[in-house]
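Asks: First, the structure itself, so that you have it in front of you.
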Amino acid sequence: MHFELELTDSNSNARVGKLTTDHGEIQTPIFMPVGTVGSVKGVHQHELENDIKAQIILGNTYHLFFRPGIDTLEAAGGLHQFMNWKKPILTDSGGFQVYSLSKSRKITEEGVRFQSIYDGSYHFFTPEYAMDVQRIIGGDIIMAFDECTPYPCDYRYAKNSINITHQWLDRCINQFKNTDSKYGYEQALFPIVQGSVYKDLRKESAEYIASKDMFGNAIGGLSVGEPEEEMYAMTELVTEILPKEKPRYLMGVGTPWNILEAIARGIDMFDCVMPSRNARHGLLFTWEGTINIKNKKWEKDFTPLDSLGKTYVDSTYSKAYLRHLIKVNEYLGIQIATIHNLGFYLDLVTEARKHILDGTFTTWKNQVIPRLKERL
RNA sequence: GGGGAUGUCGCAUAGUGGCUAUUGCAGUAGACUGUAAAUCUAUCACCUUACGGUAUCGGUGGUUCGAGUCCAUCCAUCCCCA
């Protein structure tokens, strides 16, 4: 795997780069659609590649571990083969699910004991096991097993938590180095910075993570409910510490404007459920603002779904038609909305990339954000 | 012509004497940030920004301290027999 930093903006920390994996190249900054259980909900792999123009997607260790299970995934030859997605995949470690799903979980230095949401069975995940499972799933990029702290989170808890996350990281790295890829292509392990909204903890964590000299680095524990300003401040602080020549991934972010602000602070990779989930719920992101397509005002609006949108659904279907499909619960409505939103997110980062390259990023960003925030 | 049944807020429903008439759907709006989410929340008779107020169970009349619920009658719809 190889990352080439092509250019850094002169007016901001925004960067353009190219990440090369055994499953192809990724132009950064990039948005990675989330495909939790072996599918990006509502769309075909064909649409993902050709219409949305996704360059890499996510899979989730926690959910895939339970369904279909690692035996099936291994027998299938890994997730790429199983789902017939030939481009890169990144898998999350399950650390976030242990935080967001388990009511009864016990975190110790050894690992996490938690109850499955599917059948109530008890499981014990360790950093080593999280690596093993991710070897089997076979993502090109795999994530360290971390603890994602909630917001708000008191200082003592956050401080203790980064210690555990850091210890776990060492064990992840050991296990990662002591095992091999199962399917003949390279996998890269990304460690994760934590530290809640505390500057000194973020700094300490970022320095620790940077010292591990891994292929790329991630920032976790943000966009969990904290004010946007805090999220930006933490991102800024951490990106100043993380090495410039390695890709930086801000986990779970975010709104279109969050993404542009984070790009300005030196982030290269994003993932978020928002475009795909909100599509299913009828909320569309466009260059002119967000649209709640379920609103009565679109009932007889036969103009194109998104006149500035670049996917074929944007010009093929009208707002009134999509509103109708969503209102009557037709699957096609979800499919169209998801293609639109994910297509828009990919267009967003592509435009950002262009503007970084031609030196107009900051002006463009400041111009476009107020419009993105409009409610149509 | 004879006999029977049923009428509850757009639709469908619960409710045989007692406190704010139930629930679902539809409608209207809101939420959603490393996805247990095609989900969740609010609202959903009328007036009021709100607090709050006024109604209401096909119509009318009656019994009762009190009626969606009991009685009479009318109206509407459906079914059966001629």
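Identifiers in this document derive from the order of the structure tokens: chains are assigned A, B, ..., residues are numbered from 1 separately in each chain, and ligands are numbered from 1 in order of occurrence.
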Pick out the chain A residues within 6 Å of chain B. Count only C-alpha atoms (C1' of nucleotides). Give them as a PyMOL selection string.
Replies: chain A and resi 223+251-254+280
Asks: Need the shell around segment 184-192 of chain A: protein/DNA/RNA residues with any atom at most 7 Å away, counting only C-alpha atoms (C1' of nucleotides). Skip same-chain ones fewer than 6 positions apart. Format as JSON, numbers by chain?
Replies: {"A": [1, 22, 139, 140, 141, 142, 143, 144, 146, 169, 209, 214, 215, 216, 217, 218, 219, 220]}
Asks: What does the file look like for those residues with C-alpha atoms, as a PDB file, in the first residue's frame?
Replies:
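That gives us out_36.pdb:
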```pdb
ATOM      1  CA  MET A   1       0.000   0.000   0.000  1.00  0.00           C
ATOM      2  CA  ASP A  22      -4.084  -3.842  -4.025  1.00  0.00           C
ATOM      3  CA  GLY A 139     -10.514  -5.299   4.419  1.00  0.00           C
ATOM      4  CA  ASP A 140      -7.697  -3.380   2.734  1.00  0.00           C
ATOM      5  CA  ILE A 141      -7.659  -1.040   5.691  1.00  0.00           C
ATOM      6  CA  ILE A 142      -8.442  -2.406   9.131  1.00  0.00           C
ATOM      7  CA  MET A 143      -8.954  -0.443  12.314  1.00  0.00           C
ATOM      8  CA  ALA A 144      -7.436  -0.783  15.758  1.00  0.00           C
ATOM      9  CA  ASP A 146     -10.425   1.128  20.580  1.00  0.00           C
ATOM     10  CA  LEU A 169      -3.201  -0.573  20.160  1.00  0.00           C
ATOM     11  CA  ILE A 209      -0.534   7.158  17.852  1.00  0.00           C
ATOM     12  CA  MET A 214       1.583   3.040  11.114  1.00  0.00           C
ATOM     13  CA  PHE A 215       0.518   3.420   7.496  1.00  0.00           C
ATOM     14  CA  GLY A 216      -2.306   5.857   8.261  1.00  0.00           C
ATOM     15  CA  ASN A 217      -4.015   7.361  11.286  1.00  0.00           C
ATOM     16  CA  ALA A 218      -7.570   7.879  12.406  1.00  0.00           C
ATOM     17  CA  ILE A 219      -9.361  10.245  14.734  1.00  0.00           C
ATOM     18  CA  GLY A 220     -12.208   8.711  16.682  1.00  0.00           C
TER      19      GLY A 220
END
```
Asks: Could you pull out the residues in segment 176-345 of chain A that DSSP calls strand (DSSP E) from the backbone, as a ChimeraX atom specification?
Replies: /A:188-190,192-193,217-219,248-250,269-272,283-286,289-292
Asks: Store the residues picked out above, limited to N, CA and C atoms, as a PDB file, in the first residue's frame.
Replies:
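Once written, part.pdb looks like this:
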```
ATOM      1  N   ALA A 188      -3.687  -2.791   5.704  1.00  0.00           N
ATOM      2  CA  ALA A 188      -3.001  -1.792   6.529  1.00  0.00           C
ATOM      3  C   ALA A 188      -3.815  -1.547   7.791  1.00  0.00           C
ATOM      4  N   LEU A 189      -3.126  -1.399   8.901  1.00  0.00           N
ATOM      5  CA  LEU A 189      -3.793  -1.151  10.182  1.00  0.00           C
ATOM      6  C   LEU A 189      -3.717   0.337  10.535  1.00  0.00           C
ATOM      7  N   PHE A 190      -4.874   0.931  10.793  1.00  0.00           N
ATOM      8  CA  PHE A 190      -4.910   2.328  11.234  1.00  0.00           C
ATOM      9  C   PHE A 190      -5.189   2.394  12.731  1.00  0.00           C
ATOM     10  N   ILE A 192      -6.167   4.628  16.220  1.00  0.00           N
ATOM     11  CA  ILE A 192      -7.198   5.652  16.412  1.00  0.00           C
ATOM     12  C   ILE A 192      -6.892   6.552  17.601  1.00  0.00           C
ATOM     13  N   VAL A 193      -6.901   7.857  17.344  1.00  0.00           N
ATOM     14  CA  VAL A 193      -6.710   8.845  18.403  1.00  0.00           C
ATOM     15  C   VAL A 193      -8.021   9.003  19.170  1.00  0.00           C
ATOM     16  N   ASN A 217      -3.523   7.122   9.929  1.00  0.00           N
ATOM     17  CA  ASN A 217      -4.015   7.361  11.286  1.00  0.00           C
ATOM     18  C   ASN A 217      -5.453   7.857  11.275  1.00  0.00           C
ATOM     19  N   ALA A 218      -6.167   7.485  12.334  1.00  0.00           N
ATOM     20  CA  ALA A 218      -7.570   7.879  12.406  1.00  0.00           C
ATOM     21  C   ALA A 218      -7.854   8.684  13.663  1.00  0.00           C
ATOM     22  N   ILE A 219      -8.900   9.485  13.572  1.00  0.00           N
ATOM     23  CA  ILE A 219      -9.361  10.245  14.734  1.00  0.00           C
ATOM     24  C   ILE A 219     -10.754   9.738  15.058  1.00  0.00           C
ATOM     25  N   ARG A 248      -4.997  10.654   6.852  1.00  0.00           N
ATOM     26  CA  ARG A 248      -5.711  10.890   8.105  1.00  0.00           C
ATOM     27  C   ARG A 248      -7.201  10.670   7.877  1.00  0.00           C
ATOM     28  N   TYR A 249      -7.760   9.926   8.766  1.00  0.00           N
ATOM     29  CA  TYR A 249      -9.153   9.502   8.621  1.00  0.00           C
ATOM     30  C   TYR A 249      -9.950   9.986   9.826  1.00  0.00           C
ATOM     31  N   LEU A 250     -10.954  10.831   9.583  1.00  0.00           N
ATOM     32  CA  LEU A 250     -11.817  11.320  10.659  1.00  0.00           C
ATOM     33  C   LEU A 250     -13.080  10.455  10.678  1.00  0.00           C
ATOM     34  N   MET A 269      -9.791  11.361   4.791  1.00  0.00           N
ATOM     35  CA  MET A 269     -10.783  10.297   4.636  1.00  0.00           C
ATOM     36  C   MET A 269     -11.930  10.478   5.611  1.00  0.00           C
ATOM     37  N   PHE A 270     -13.117  10.165   5.117  1.00  0.00           N
ATOM     38  CA  PHE A 270     -14.334  10.287   5.931  1.00  0.00           C
ATOM     39  C   PHE A 270     -15.247   9.094   5.703  1.00  0.00           C
ATOM     40  N   ASP A 271     -16.041   8.815   6.722  1.00  0.00           N
ATOM     41  CA  ASP A 271     -17.143   7.885   6.521  1.00  0.00           C
ATOM     42  C   ASP A 271     -18.269   8.398   7.384  1.00  0.00           C
ATOM     43  N   CYS A 272     -19.478   8.141   6.972  1.00  0.00           N
ATOM     44  CA  CYS A 272     -20.625   8.564   7.774  1.00  0.00           C
ATOM     45  C   CYS A 272     -21.880   7.885   7.251  1.00  0.00           C
ATOM     46  N   LEU A 283     -34.349  12.716   3.494  1.00  0.00           N
ATOM     47  CA  LEU A 283     -33.608  13.969   3.542  1.00  0.00           C
ATOM     48  C   LEU A 283     -32.493  13.935   2.503  1.00  0.00           C
ATOM     49  N   LEU A 284     -32.533  14.900   1.597  1.00  0.00           N
ATOM     50  CA  LEU A 284     -31.559  14.925   0.507  1.00  0.00           C
ATOM     51  C   LEU A 284     -30.580  16.075   0.683  1.00  0.00           C
ATOM     52  N   PHE A 285     -29.310  15.793   0.444  1.00  0.00           N
ATOM     53  CA  PHE A 285     -28.291  16.837   0.471  1.00  0.00           C
ATOM     54  C   PHE A 285     -28.035  17.293  -0.956  1.00  0.00           C
ATOM     55  N   THR A 286     -28.016  18.612  -1.147  1.00  0.00           N
ATOM     56  CA  THR A 286     -27.699  19.141  -2.477  1.00  0.00           C
ATOM     57  C   THR A 286     -26.790  20.357  -2.312  1.00  0.00           C
ATOM     58  N   GLY A 289     -28.690  23.160  -0.714  1.00  0.00           N
ATOM     59  CA  GLY A 289     -29.204  22.994   0.631  1.00  0.00           C
ATOM     60  C   GLY A 289     -29.832  21.635   0.804  1.00  0.00           C
ATOM     61  N   THR A 290     -30.397  21.402   1.973  1.00  0.00           N
ATOM     62  CA  THR A 290     -31.017  20.103   2.203  1.00  0.00           C
ATOM     63  C   THR A 290     -32.515  20.186   1.948  1.00  0.00           C
ATOM     64  N   ILE A 291     -33.034  19.090   1.453  1.00  0.00           N
ATOM     65  CA  ILE A 291     -34.436  18.987   1.078  1.00  0.00           C
ATOM     66  C   ILE A 291     -35.066  17.854   1.874  1.00  0.00           C
ATOM     67  N   ASN A 292     -36.171  18.129   2.521  1.00  0.00           N
ATOM     68  CA  ASN A 292     -36.956  17.025   3.075  1.00  0.00           C
ATOM     69  C   ASN A 292     -38.007  16.704   2.024  1.00  0.00           C
TER      70      ASN A 292
END
```
Asks: Could you tell me, as number ranges by chain, which residues of segment 144-324 of chain A DSSP assigns to helix (DSSP H, G or I) when given the backbone?
Replies: A: 155-177, 199-211, 228-241, 256-264, 274-280, 296-298, 312-316, 319-324
Asks: Excluding Ile137 of chain A and any residue of its chain fewer than 3 positions from it, enumerate the residues within 9 Å of it, using only C-alpha atoms (C1' of nucleotides), and give them as a PyMOL selection string.
Replies: chain A and resi 59+61+64-65+70+73-74+77-80+91+132-134
Asks: I'd like the contact shell of G24 of chain B - 12 Å cut-off, only C-alpha atoms (C1' of nucleotides), skipping same-chain residues fewer than 6 positions apart - returned as a ChimeraX atom specification.
Replies: /B:11-14
Asks: Leaving out segment 62-72 of chain B and any residue of its chain fewer than 2 positions from it, which residues lie within 7 Å of it when counting only C-alpha atoms (C1' of nucleotides), given as JSON, numbers by chain?
Replies: {"B": [8, 16, 17, 18, 57]}
Asks: Could you please take those selected residues and save N, CA and C atoms (P, O5', C5', C4', C3', O3' and C1' of nucleotides) as an mmCIF file, in the first residue's frame?
Replies:
```cif
data_model
loop_
_atom_site.group_PDB
_atom_site.id
_atom_site.type_symbol
_atom_site.label_atom_id
_atom_site.label_comp_id
_atom_site.auth_asym_id
_atom_site.auth_seq_id
_atom_site.Cartn_x
_atom_site.Cartn_y
_atom_site.Cartn_z
ATOM 1 P P U B 8 -69.614 5.227 12.328
ATOM 2 O "O5'" U B 8 -69.313 5.718 13.796
ATOM 3 C "C5'" U B 8 -69.645 7.063 14.181
ATOM 4 C "C4'" U B 8 -68.812 7.474 15.366
ATOM 5 C "C3'" U B 8 -67.315 7.654 15.083
ATOM 6 O "O3'" U B 8 -67.049 8.941 14.548
ATOM 7 C "C1'" U B 8 -67.605 6.393 17.068
ATOM 8 P P U B 16 -68.590 -2.065 26.416
ATOM 9 O "O5'" U B 16 -69.156 -1.842 27.882
ATOM 10 C "C5'" U B 16 -69.666 -0.592 28.319
ATOM 11 C "C4'" U B 16 -71.130 -0.688 28.689
ATOM 12 C "C3'" U B 16 -71.479 -1.936 29.519
ATOM 13 O "O3'" U B 16 -71.165 -1.737 30.900
ATOM 14 C "C1'" U B 16 -73.031 -1.705 27.736
ATOM 15 P P G B 17 -72.351 -1.484 32.048
ATOM 16 O "O5'" G B 17 -72.976 -0.002 31.992
ATOM 17 C "C5'" G B 17 -72.778 0.926 30.961
ATOM 18 C "C4'" G B 17 -72.651 2.329 31.490
ATOM 19 C "C3'" G B 17 -72.003 2.472 32.865
ATOM 20 O "O3'" G B 17 -71.124 3.590 32.819
ATOM 21 C "C1'" G B 17 -74.012 3.672 32.816
ATOM 22 P P G B 18 -69.558 3.284 32.837
ATOM 23 O "O5'" G B 18 -69.069 4.606 33.590
ATOM 24 C "C5'" G B 18 -69.170 5.860 32.903
ATOM 25 C "C4'" G B 18 -68.575 6.969 33.746
ATOM 26 C "C3'" G B 18 -67.290 6.568 34.461
ATOM 27 O "O3'" G B 18 -66.326 7.610 34.371
ATOM 28 C "C1'" G B 18 -68.960 7.244 36.037
ATOM 29 P P C B 57 -72.514 13.265 20.252
ATOM 30 O "O5'" C B 57 -71.959 11.956 19.549
ATOM 31 C "C5'" C B 57 -71.507 11.987 18.196
ATOM 32 C "C4'" C B 57 -70.979 10.617 17.788
ATOM 33 C "C3'" C B 57 -71.953 9.487 18.055
ATOM 34 O "O3'" C B 57 -71.927 8.576 16.969
ATOM 35 C "C1'" C B 57 -69.941 9.113 19.237
#
```
Asks: Could you please determine the separation between atom CA of Glu288 of chain A and atom CA of Arg323 of chain A in Å, to one decimal place?
Replies: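 Between atom CA of Glu288 of chain A and atom CA of Arg323 of chain A the gap works out to 18.0 Å.
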Asks: So how many Å separate atom CA of Glu4 of chain A and atom CA of Ala54 of chain A, to one decimal?
Replies: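 Value for the atom CA of Glu4 of chain A-atom CA of Ala54 of chain A distance: 19.5 Å.
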Asks: With a distance cut-off of 12 Å and only C-alpha atoms (C1' of nucleotides), select the neighbouring residues of C78 of chain B, excluding the residue or stretch itself and same-chain residues fewer than 4 positions from it, and output the selection as a list in words.
Replies: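 Near C78 of chain B, the qualifying residues are G4, A5, U6 and G7 of chain B.
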Asks: Suppose you want the space between atom CA of Leu348 of chain A and atom CA of Phe31 of chain A; what is it in Å?
Replies: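 Going from atom CA of Leu348 of chain A over to atom CA of Phe31 of chain A, I get 8.7 Å.
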Asks: Check the smallest atom-to-atom distance from each of A:Ser12, A:Ser181, A:Thr36, A:Thr235 to Arg202 of chain A using only C-alpha atoms, then report the winner.
Replies: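 Residue with the minimum atom-to-atom distance to Arg202 of chain A: A:Thr235.
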Asks: For Ser102 of chain A, list every protein, DNA or RNA residue within 9 Å, evaluated using only C-alpha atoms (C1' of nucleotides), and leave out those in the same chain fewer than 6 positions away; present the list as a PyMOL selection string.
Replies: chain A and resi 114-117
